[in-house]
Structures are given as structure tokens and as C-alpha cells.
Amino acid sequence: MDTLETSKLLDKELYSRQLYVLGLPAMQRIQGAKVLLSGLQGLGAEVAKNLVLMGVGSLTLHDPHPTCWSDLAAQFLLSEQDLGRSRAEASQKLLAELNGAVQVSVYTGDITKDLLLDFQVVVLTASRLEEQLRVGTLCHEHGVCFLVADTRGLVGQLFCDFGENFTVQDPTEAEPLTANIQHISQGSPGILTLREEAGTHHFHTGDWVTFSGIEGMVELNGCDPRPLHVREDGTLEIGDTTAFSCYLRGGAVTEVKRAKTVSHEPLDTALLQPRVVAQSAQKVRARCLHQSFRALHKFQQLHGRPPKPWDPVDAEMVVDLAQAMGPLKGTEGEPLEEQLDEALVRTVALSSAGGLSPMAAVLGAVAAQEVLKAISGKFMPLDQWLYFDALDCLPEDGDPFPNPEDCAPRRCRYDGQTAVFGTNFQEKLSHQHYLLVGAGAVGCELLKSFALMGLGAGDGGGVTVADMDHVELSNLSRQFLFRSQDIHRKKAEVAAEATRRLNADLQVTPLNLQLDPTTEDIFGDDFFSGVNGVAAALDTFEARDYVAARCTHFLKPLLEAGTMGTRGSASVFIPHVTENYKAPSDAASEDAPDPVCTVRYIPATTEHTVQWAKGEFDDLFCESAKTINSHPQALSSPEDLVKSQKQPLLQTMRGVLTERPQTWQDCVLWAFGHWQLRFHYGITQLLRTYPPDKVQEDGTPFWSGPKQCPQPLKFDASQDMHLLYVLAAANLYAQMHGLPGSQDQTALRGLLNLLPLPDPQNLDRIFASELELDSPSGEFGCKQLHEDLKTWSKGPPLKPLTFEKDNDSNFHVDFVVAAASLRAQNYGIPVASHAETKRIVGRIIPAVVTTTAAVAGLVGLELYKVVGGPRPRHAFRHSYLHLAENYFSRWVPKAPDIQKFHHLKWTCWDRLEVPAGQPERTLESLLAHIQELQGLRVTMLLHGSALLYSAGWSEEKQTQHLSRRVTDLVKKVPGQRVLVLELGYEGEEDDTNFPRLHYKL
């Protein structure tokens, strides 16, 4: 069971988003792992795709069975040209193209013990129970992690056996908790008080922690992990500190994650005594599904075939087999006194013959994540069975189920889907026209699903995909439709081309645009009148809000999904049936920057230090260069410089030099001077203004709560971050001035040991201007700077440096990492790692393809319901999953909120309408029409921000406006067929949102 021998270095840019989820040690274990996957129908293809994209070392495919028509509804690696070929051999080439670093091979023999011992993980899909038991027993005996995954129509199962003593190195996805320390008492136990920003931490009794950066009680720094006890007042007991030095200030407490051991039963035992992962209310249903799968296996064994699609005779036989199996045993071995749900078993049997792309996507994602858990020891594995069903996609009780004739095979690529929903439904799918907003990770998975489902593959149907971004290298580890040769191409165009290769009948139209107010002339009335629904795969709440508002405006169903690491959600919003989309309550502030004064002078969090460091980069190496390039034309006098509010920026840029640098040594001198200014002298000057013992007017210390009193640093070239700052800053300064840089750290250390400290008077002038002090030194500095700039402007223009987060060789990220680290040391704040700094500054969303595929599958399941026709609200499902913690939840959406005013009732989906085809109304006749409809007096009428009518106007102005035609009062957009007017009524409250008036042109 040796891991794959490999000398390949991990491509950190390719896997950058994934690394934020799994971490480098786990990724290195994954890169060296060997996996055997048996079964290459739709589910097996999904598992394989996910493992290859995520970089598993080698994947061996096993499936000697020939490709058949029913495979094509869910198996995206196969096509009509592969019919009759071995599924594994036909799939190998396309899988290998997904990731050149993964060895993808095919095994054609029988699965034997000798074969199994060559792998760390073995996965069986679409396998018979006899084979599962045989292989499962061998794997359990020889320490090979074993998984079984299967889907039957709209139900799926997953089983994991990682052995009796499997070590989970890192049980949770969350980063270790870190908080700043306010005080630690000497005693037994010592009591630790956290700083007041501690609303961001949630330590629990039993957590283990260590400490860093403490002054005074230094014995705690780097100590072995200690257990915590959380007291009622929120303080923390940390063990005996009696013999330690007296605590002075600063420091951080950090959680230490501890490994856990889990024990799994072999399949033969777990089959009769199943431990199922489900919420308590769903465990009975899960165990009934467990019996259903056992009965389906028994039917296959007896008849040599699965039940026929929607055949009532076969279904009753499956029910009888399930009843004959007797009760299951509980976790302690006692029989479970549960009545078998015969109706559920019958429905499972009737619909079990099909293979559906969305179901394969959901189960394939979870199965692949469990494989990665087995390889890496990252996150808790399933314990041990997972059952998932989407039988809510079938017709409601009382509605007719599909008949056997309508679901019989037709030697068509949709046979696997029509076996569940019938050919009439398939025809309906083909005529749909959907708008997909976003061709990123989730968008690519949705397009794949649309192609397999046949959405828009018929007359009048189609999919329009809108995205203005370009393909980047980091996309390739989770965006299935892109390849390395597509880098820098438009995502929408590449995705459309790749989707057509999956299904040539699908009509896909790419638009290299984003949906926002600037494109409403394109995505307007004419466009949306031809759309049946919208799928949104966007990564900001602002964009989601806008698209949702357009769906509400045009009364279109919205299917929406998003991910964050191993967390994912999928939602459905149906006009007049469900609530409309609302961003989370805290989403409005997610992108809002922290106050400038906080970031600049009193940072309290790691995020503050990174924001400050990024601001330093922009000021020093981008904005200042742009400003200097514009001088003297834009700033012709010192007075202009003062008025421009760029004096501090330019003083910062100029630093300790009065002339352009000519050599590498000049750049090092500038960088060294800036180190002194930022991390020593500037802090010293700040403490002169706000000394450590400063008291505010109310008697409270100035430096208290989240305001941590800073300490100046002393430069030490032997300290890595000290040296990295100077190295990065000097190289960036050299790049900006067109000079050669250097990466020789040994030479740099030697040079720094020879440099004198910067002139304090020079630093005084710079610091004064940066604090915007009205002082003689600041005024003189501005005049002197203006003269220097006149000389500087005679030379070649400077090169502004635009920050690049995905290039680790240009010193951009290095500068921010070093600057943020030093800033954190100044203020006693936990230091961000290189990866964490890059994530914060780049606003990078951690992502893995498993979560992406799962939420896309969940969207596809809701799409079946939307296309199927009118359904009650309880038929639809919002979904949330957390793959790292084995949490899965689906629930019925809320009904739309009902608003009231006098006798009126309405929801967000309602509007007033003035139909087209009538003589054009004057404003007076329009107001009379509204009063006739509503029985209320209109006091205000608006079109966007333009006020068309107000009851508060003078009589002369009212008369002048009331006689004018509505279309003369508004500015129309080309192609616009509806004017949207907002109404105000007499006696309304300020927060009332009335239905809007749609005036059809």
C-alpha cells in the first residue's frame, strides 16, 4: 500500500483555491495517493472527474462493461461514438486531459487481493452486493480504505469503511481560533482575559491552546498545548501559572487542533446494523432506504436484471423482498421496532431504473470528498452510511406517475432520464430557454448538467451563458470545461464550445457580458420575454442581488447556488410561490472596508494589518507613481500640491531620498529607511502623541479594549520578516524606476549591516506630512517636495505596479506578507500566514470541485420541478451542505411575505399593470386609472429617480404636468417595452413598498 513515488512539485497556483481548504500537507498526501475506481457509469465518472481535478496521484479505472444508451444521460465522458466500447477505456483519455499531473490508467482484469494491496483507497460504484461484500472484506482485512457508492433513479447511497483505527489528523475545516490577550493572572488556575474584540472567538471548554507574543509571562510562549475551561464570565482558565513571571502585555492564544481516531465496521456487519448519517427526524427514512437498496440487490440476484421502469409488478416484488428481510438491528444490537414504509419502497422501485446527472453529481461529489478524507486524514469521515433521496422531484400525490410505455428505452441518449420522468417530460425540457449567469466553477458544472439533461436541446430551446471574465490557471482545478490551452480566453466562449461537445444538439449562446445596470439595454424586456428561467452561479452578494431583482421584475424562476470551501448552498425562487432571494443579513458589510483611522493607527485584527499592508503597496508603488507621472502639469505649484491632498502620498513615496535612485544600493537605502519609518520611528512618534498611560476625558485608558498599545521594533537583519520587507520593498522600488533588482539575501544582509540609520529630520518631515499636521516642517516639506518633483519629472516616467495576487515571483505578495507581519508585531496581533495574507488581500474564496459539483447537482434536481410545471411550495427545496462535517439539510422555502395597506394585500411578486394596445394615457388619466383600480389617492409617482408627479406641487405645475403624455415625461431605453413606475399613496408609512406599476408600451 505504498504511496505513489513522485518528484513532482505541487503547482500552488493551479491548486490555489483548493489549498485554502485542504492545506499543503493534505495536498501533498493527495498528490502521492493511488486510488482504484470500479464502475464508470454516471456516478463513477463524477467521482473520477473530481479526483483528477483535485490532483490525486494516480487513478486506476475498472469497468469492462460496454457503453450503452442509458449511460449517456449521466456519463459526460462518453458519447454515441463510444457505444459498445468498454466504459473505462472510453473514459480514460478525457479524464487524463483534465490534469496532466495525474496518472489515469485502465485495469481490465478481475479485482483480486493482490490488486487491492496496491491502493490506498478502493471505490465501487454500480456494483452487485456480492462483489461489494467480497471486496469490502478483503479491504477491511488488509487496511485498505473502502467505499461503495450507488444511485438508483432519485435515491443514492454511500458507504465508508476506513478500518478499525483510522486517524483523522485535522477533524474540522475551520482555521484554529486565535484571540488577543488582555491579561493573564498568576495563580492556580491562571485566568486569561481576552481583548474586547473577542466577539470573533468561540473557545469551548476542552479546547487545547498554546500562546505566542506574550511580554512578561514568557514561559507560556510556545508551550505545549494546554486545555481550557471557559468560565461563566467568558474568561478562560489555563492551568497553573503560579510559578511564571508576571504578565506585562500583549500576546495571543491559539487553538491547537488534535487528531482523533474513528472505528468503522466492515460491510457485512454494517449491512445489518447500519449507522446512518442523518438528522434525527430523517433516520427512520434513511433506514427504510437502506432496506430498499438491499431489496433491489436481491431482486437483481433473483432475476438477473433490475426492475423495469415504472413496472408495478416488479415494484411489488421489491416491496415483498424488503418485508421478508425482517427488522434491522440498532447500534447496540437490539432490533429496531420500525414499520417499513411500503409506499416509499414501492416508489424507489418504480423509479430505480434510471440514471440522472444531478443525482450522480451530488453522490459523486460526496464520495470523492470521502476518498480525499481517506487519503489525507483531513476532516471527519462519514459514519458509515449516507442516504440521499430527491423523490420530491416526482409528481405530487394524486398526480399520475409516468406509465411504463412512456419510460421504456428508445435507444436515445436520454434513456436514463426518461426511465424516471418519461418522454413527454423530456420533450418539455428540450424546449426550455434558460439564462445562466456566470461560467465559473458552479456555472461549468451546471452547463454539463444541462447538456446531459437535454435542457434547451430542441426547437426553440437553448441556453445563454453570460460571463465577462477570462480563464485563469487557478480555474482549472475545479472548472471542468476549461483546459490549459484556454487560459486568457473568455470563459463564456470556452464554456459554450465545450458544452456543445458534450451534446451537439444543445443550443448554447455565449455573451461576454455581466448582468448589471450597464447592460439593461441587452438584458431587457425583449431578452427576458424569451427566457423560461435563470440560473445564477455568482461569487458576490451584490451580483446575486441584482440578478434576483431582475428575476422578480420579469417574474422568472431563479435557481441559485454558491460555495465557500466545503460549504455549499442551492436555492430555488418561484414567482408567487416562494419568497424572493434575500442576501444574508451580514452580507451588506462583507466588502465594506474598515475605517481608515482604525487600519492606519489602531489596528485590532489580523485583517486590519493585511489591509494596511495592501494600502502601503498601492500608495508606494502604484498611486504615487501615477501622481508623479502627472506632475508638473497637474500640480503646477506647492499650493496645488496641498489642494490635491496628495502631499502625504508623495512624501511617503519620496522617503529618504531627494533624487531618483540610480543603483540597487539606492533602492535598498530607500527600503531600509521606510522600514525605520513604519515600524520604529512612526510608532515612537505615535506614542509621543498618545503615550501608553494616556487617559481619556471619561477616565478610561486610551489604550484599552480593542486598541492595543503598539511597541516599536528594532531592525534585525537576521529576522526573516525584517529582511523580507527590505528585499521586497527594494525590488519593487527598483521595478518602478526601471532598475535591476536582486534576490541575493546574503548580500543584502551584508549591505544592511553597513548602512547608517536614516536622518531623523528627514523622517520627521515625512511623518508630519503623513499625520497631516499643520506645522512648519510639514509646510517646508511640501515646498521642498515640489522642487524635487520638478527635477524628477524631467526623467523617464515611473512604472506604476498593479498588485497581482497570483504571482509569487514578483515580490508583490512578499511585500504585503512582510509588512502585515511587522505591523502585527507592532500591535501584538496574531500574524497571518503567507497563504492567509494572500487570501485576505486577494479576496480569494476557498473552493473545491466537490462542493461545486454537489451544489450544481442540487440545482439540477430543483430544475426538474420548475420545468415540470406548476407545483405547490412544499415540493421545492432549499439545500445546504458542509462536506467537511458531514452535514446535509434540505428544507421547504418560505412563502413570500404578505404586505398590507388599508384594504390592499400584496407580495414582492405582485404589480399593477396598464396593458399595451390602449390609447396612450396622459398623466391625469393614468392617475385616475390607478385610483379606480386601488381605491386610493396617489400622492407621488416616480420613474427611477425622476419625480413625475407630486401632490405637493403647485396647482399650476400640476396642471402643466397632468395634461402631458406619460412617455413624454420619461427617458426610454432602446428596446424597452415596459415603463416601471413607483407609487406613493395618501397616508402611507415610510417603509411601505407598494407594488410597482408596469406601463406596457
# chains A, B, ... in the order shown; residues from 1 in each chain; ligands from 1

call {"tool": "residues_around", "arguments": {"residues": "stretch 519-535 of chain A", "least_positions_apart": "2", "cutoff": "7 Å", "atoms": "only C-alpha atoms", "output": "PDB file with N, CA and C atoms, in the first residue's frame"}}
result
ATOM      1  N   GLN A 432     -37.047  24.363 -23.411  1.00  0.00           N
ATOM      2  CA  GLN A 432     -36.762  25.426 -22.450  1.00  0.00           C
ATOM      3  C   GLN A 432     -35.619  26.309 -22.936  1.00  0.00           C
ATOM      4  N   HIS A 433     -35.691  27.591 -22.590  1.00  0.00           N
ATOM      5  CA  HIS A 433     -34.584  28.519 -22.845  1.00  0.00           C
ATOM      6  C   HIS A 433     -34.198  29.153 -21.515  1.00  0.00           C
ATOM      7  N   TYR A 434     -32.969  28.889 -21.079  1.00  0.00           N
ATOM      8  CA  TYR A 434     -32.506  29.371 -19.773  1.00  0.00           C
ATOM      9  C   TYR A 434     -31.326  30.317 -19.933  1.00  0.00           C
ATOM     10  N   LEU A 435     -31.273  31.270 -19.029  1.00  0.00           N
ATOM     11  CA  LEU A 435     -30.121  32.161 -18.912  1.00  0.00           C
ATOM     12  C   LEU A 435     -29.261  31.674 -17.757  1.00  0.00           C
ATOM     13  N   LEU A 436     -27.991  31.415 -18.017  1.00  0.00           N
ATOM     14  CA  LEU A 436     -27.022  31.072 -16.978  1.00  0.00           C
ATOM     15  C   LEU A 436     -26.098  32.267 -16.782  1.00  0.00           C
ATOM     16  N   VAL A 437     -26.087  32.810 -15.581  1.00  0.00           N
ATOM     17  CA  VAL A 437     -25.250  33.968 -15.263  1.00  0.00           C
ATOM     18  C   VAL A 437     -24.031  33.476 -14.496  1.00  0.00           C
ATOM     19  N   LEU A 515     -24.348  40.862 -16.033  1.00  0.00           N
ATOM     20  CA  LEU A 515     -25.643  41.478 -15.802  1.00  0.00           C
ATOM     21  C   LEU A 515     -25.497  42.551 -14.745  1.00  0.00           C
ATOM     22  N   ASP A 516     -25.670  43.786 -15.133  1.00  0.00           N
ATOM     23  CA  ASP A 516     -25.670  44.906 -14.206  1.00  0.00           C
ATOM     24  C   ASP A 516     -26.408  46.053 -14.888  1.00  0.00           C
ATOM     25  N   PRO A 517     -26.597  47.173 -14.235  1.00  0.00           N
ATOM     26  CA  PRO A 517     -27.373  48.260 -14.853  1.00  0.00           C
ATOM     27  C   PRO A 517     -26.823  48.738 -16.190  1.00  0.00           C
ATOM     28  N   ALA A 537     -24.822  31.604 -10.948  1.00  0.00           N
ATOM     29  CA  ALA A 537     -23.633  30.989 -10.348  1.00  0.00           C
ATOM     30  C   ALA A 537     -22.620  32.102 -10.130  1.00  0.00           C
ATOM     31  N   PHE A 554     -39.113  40.509 -13.881  1.00  0.00           N
ATOM     32  CA  PHE A 554     -39.651  39.831 -15.070  1.00  0.00           C
ATOM     33  C   PHE A 554     -40.445  38.567 -14.729  1.00  0.00           C
ATOM     34  N   LYS A 556     -39.504  35.631 -13.361  1.00  0.00           N
ATOM     35  CA  LYS A 556     -38.832  34.428 -13.836  1.00  0.00           C
ATOM     36  C   LYS A 556     -38.323  33.602 -12.656  1.00  0.00           C
ATOM     37  N   PRO A 557     -38.426  32.269 -12.737  1.00  0.00           N
ATOM     38  CA  PRO A 557     -37.839  31.430 -11.684  1.00  0.00           C
ATOM     39  C   PRO A 557     -36.322  31.644 -11.622  1.00  0.00           C
ATOM     40  N   LEU A 558     -35.804  31.608 -10.409  1.00  0.00           N
ATOM     41  CA  LEU A 558     -34.366  31.761 -10.203  1.00  0.00           C
ATOM     42  C   LEU A 558     -33.839  30.551  -9.446  1.00  0.00           C
ATOM     43  N   LEU A 559     -32.818  29.910 -10.013  1.00  0.00           N
ATOM     44  CA  LEU A 559     -32.085  28.833  -9.359  1.00  0.00           C
ATOM     45  C   LEU A 559     -30.711  29.374  -9.032  1.00  0.00           C
ATOM     46  N   GLU A 560     -30.302  29.265  -7.787  1.00  0.00           N
ATOM     47  CA  GLU A 560     -29.098  29.971  -7.350  1.00  0.00           C
ATOM     48  C   GLU A 560     -28.252  29.057  -6.493  1.00  0.00           C
ATOM     49  N   VAL A 973     -35.384  53.601 -22.747  1.00  0.00           N
ATOM     50  CA  VAL A 973     -34.204  52.848 -23.183  1.00  0.00           C
ATOM     51  C   VAL A 973     -34.555  52.142 -24.483  1.00  0.00           C
ATOM     52  N   PRO A 974     -33.652  52.141 -25.487  1.00  0.00           N
ATOM     53  CA  PRO A 974     -33.943  51.422 -26.732  1.00  0.00           C
ATOM     54  C   PRO A 974     -34.335  49.967 -26.452  1.00  0.00           C
ATOM     55  N   GLY A 975     -35.407  49.520 -27.109  1.00  0.00           N
ATOM     56  CA  GLY A 975     -35.880  48.156 -26.913  1.00  0.00           C
ATOM     57  C   GLY A 975     -36.761  47.971 -25.695  1.00  0.00           C
ATOM     58  N   GLN A 976     -36.952  49.047 -24.911  1.00  0.00           N
ATOM     59  CA  GLN A 976     -37.761  48.935 -23.700  1.00  0.00           C
ATOM     60  C   GLN A 976     -39.244  48.849 -24.067  1.00  0.00           C
ATOM     61  N   ARG A 977     -39.917  47.858 -23.469  1.00  0.00           N
ATOM     62  CA  ARG A 977     -41.331  47.670 -23.772  1.00  0.00           C
ATOM     63  C   ARG A 977     -42.232  47.916 -22.571  1.00  0.00           C
TER      64      ARG A 977
END

call {"tool": "select_by_dssp", "arguments": {"residues": "stretch 320-564 of chain A", "states": "strand (DSSP E)", "output": "PyMOL selection string"}}
result
chain A and resi 385-389+433-437+462-466+508-511+533-536+558-564

call {"tool": "closest_residue", "arguments": {"among": "A:Pro584, A:Pro995, A:Gly250, A:Pro796", "to": "A:Gln825", "atoms": "only C-alpha atoms"}}
result
A:Gly250

call {"tool": "residues_around", "arguments": {"residues": "A:Leu19", "least_positions_apart": "4", "cutoff": "10 Å", "atoms": "only C-alpha atoms", "output": "MDAnalysis selection string"}}
result
chainID A and resid 12:15 23:27 565 835 846:848

call {"tool": "write_last_selection", "arguments": {"atoms": "C-alpha atoms", "output": "PDB file, in the first residue's frame"}}
result
ATOM      1  CA  LYS A  12       0.384  26.034  -5.956  1.00  0.00           C
ATOM      2  CA  GLU A  13      -1.146  28.387  -8.498  1.00  0.00           C
ATOM      3  CA  LEU A  14      -3.217  25.628 -10.096  1.00  0.00           C
ATOM      4  CA  TYR A  15      -4.479  24.418  -6.721  1.00  0.00           C
ATOM      5  CA  GLY A  23      -3.768  22.850   3.329  1.00  0.00           C
ATOM      6  CA  LEU A  24      -0.347  21.924   1.983  1.00  0.00           C
ATOM      7  CA  PRO A  25       0.283  18.705   3.993  1.00  0.00           C
ATOM      8  CA  ALA A  26      -3.053  17.218   2.904  1.00  0.00           C
ATOM      9  CA  MET A  27      -2.460  18.230  -0.719  1.00  0.00           C
ATOM     10  CA  GLY A 565     -14.724  25.786   0.879  1.00  0.00           C
ATOM     11  CA  ALA A 835      -1.482  31.820   2.473  1.00  0.00           C
ATOM     12  CA  PRO A 846     -11.635  28.993  -0.873  1.00  0.00           C
ATOM     13  CA  ALA A 847     -13.087  26.427  -3.260  1.00  0.00           C
ATOM     14  CA  VAL A 848     -13.014  22.725  -4.116  1.00  0.00           C
TER      15      VAL A 848
END

call {"tool": "residues_around", "arguments": {"residues": "A:Met736", "least_positions_apart": "2", "cutoff": "6 Å", "atoms": "only C-alpha atoms", "output": "ChimeraX atom specification"}}
result
/A:733-734,738,798-799

call {"tool": "write_last_selection", "arguments": {"atoms": "all heavy atoms", "output": "CSV table (one decimal), in the first residue's frame"}}
result
chain,number,residue,atom,x,y,z
A,733,TYR,N,10.7,49.0,-5.6
A,733,TYR,CA,11.1,50.4,-5.9
A,733,TYR,C,12.0,50.4,-7.1
A,733,TYR,O,11.9,51.3,-8.0
A,733,TYR,CB,11.9,50.9,-4.6
A,733,TYR,CG,12.1,52.4,-4.6
A,733,TYR,CD1,11.0,53.2,-4.5
A,733,TYR,CD2,13.4,53.0,-4.5
A,733,TYR,CE1,11.2,54.6,-4.5
A,733,TYR,CE2,13.5,54.3,-4.5
A,733,TYR,CZ,12.4,55.1,-4.4
A,733,TYR,OH,12.6,56.5,-4.3
A,734,ALA,N,12.8,49.4,-7.2
A,734,ALA,CA,13.7,49.3,-8.4
A,734,ALA,C,12.8,49.0,-9.7
A,734,ALA,O,13.1,49.7,-10.7
A,734,ALA,CB,14.7,48.1,-8.3
A,738,GLY,N,12.6,51.3,-13.1
A,738,GLY,CA,13.3,50.7,-14.3
A,738,GLY,C,14.7,50.2,-14.0
A,738,GLY,O,15.5,50.2,-14.9
A,798,LEU,N,7.7,56.9,-14.3
A,798,LEU,CA,7.8,55.8,-13.4
A,798,LEU,C,6.8,54.7,-13.9
A,798,LEU,O,5.8,55.0,-14.6
A,798,LEU,CB,7.5,56.2,-12.0
A,798,LEU,CG,8.4,57.2,-11.4
A,798,LEU,CD1,8.0,57.5,-10.0
A,798,LEU,CD2,9.8,56.8,-11.4
A,799,LYS,N,7.0,53.5,-13.5
A,799,LYS,CA,6.1,52.4,-13.8
A,799,LYS,C,5.2,52.0,-12.6
A,799,LYS,O,5.7,51.5,-11.7
A,799,LYS,CB,6.9,51.1,-14.2
A,799,LYS,CG,6.1,49.9,-14.6
A,799,LYS,CD,6.9,48.7,-14.9
A,799,LYS,CE,6.0,47.5,-15.1
A,799,LYS,NZ,6.8,46.3,-15.4

call {"tool": "residues_around", "arguments": {"residues": "A:Ala361", "least_positions_apart": "2", "cutoff": "12 Å", "atoms": "only C-alpha atoms", "output": "ChimeraX atom specification"}}
result
/A:41-50,74-76,149-151,154,156,355-359,363-368,442,445-446,448-449,452,849-861

call {"tool": "residues_around", "arguments": {"residues": "stretch 267-277 of chain A", "least_positions_apart": "3", "cutoff": "9 Å", "atoms": "only C-alpha atoms", "output": "count of residues only"}}
result
30

call {"tool": "atom_distance", "arguments": {"atom1": "atom CA of A:Gln719", "atom2": "atom CA of A:Lys838"}}
result
21.1 Å

call {"tool": "closest_residue", "arguments": {"among": "A:Ala73, A:Val52, A:Cys393, A:Ala259", "to": "A:Gln417", "atoms": "only C-alpha atoms"}}
result
A:Ala73

call {"tool": "residues_around", "arguments": {"residues": "A:Ala315", "least_positions_apart": "6", "cutoff": "12 Å", "atoms": "only C-alpha atoms", "output": "PyMOL selection string"}}
result
chain A and resi 292+295-296+299+306-309+321-322+342-353+404

call {"tool": "closest_residue", "arguments": {"among": "A:Ala884, A:Leu555, A:Ile829, A:Leu177", "to": "A:Thr606", "atoms": "only C-alpha atoms"}}
result
A:Ile829

call {"tool": "atom_distance", "arguments": {"atom1": "atom CA of A:Glu697", "atom2": "atom CA of A:Tyr247"}}
result
27.4 Å

call {"tool": "atom_distance", "arguments": {"atom1": "atom CA of A:Val123", "atom2": "atom CA of A:Asn503"}}
result
28.2 Å

call {"tool": "closest_residue", "arguments": {"among": "A:Pro661, A:Gly354, A:Pro176, A:Pro171", "to": "A:Ser70", "atoms": "only C-alpha atoms"}}
result
A:Gly354
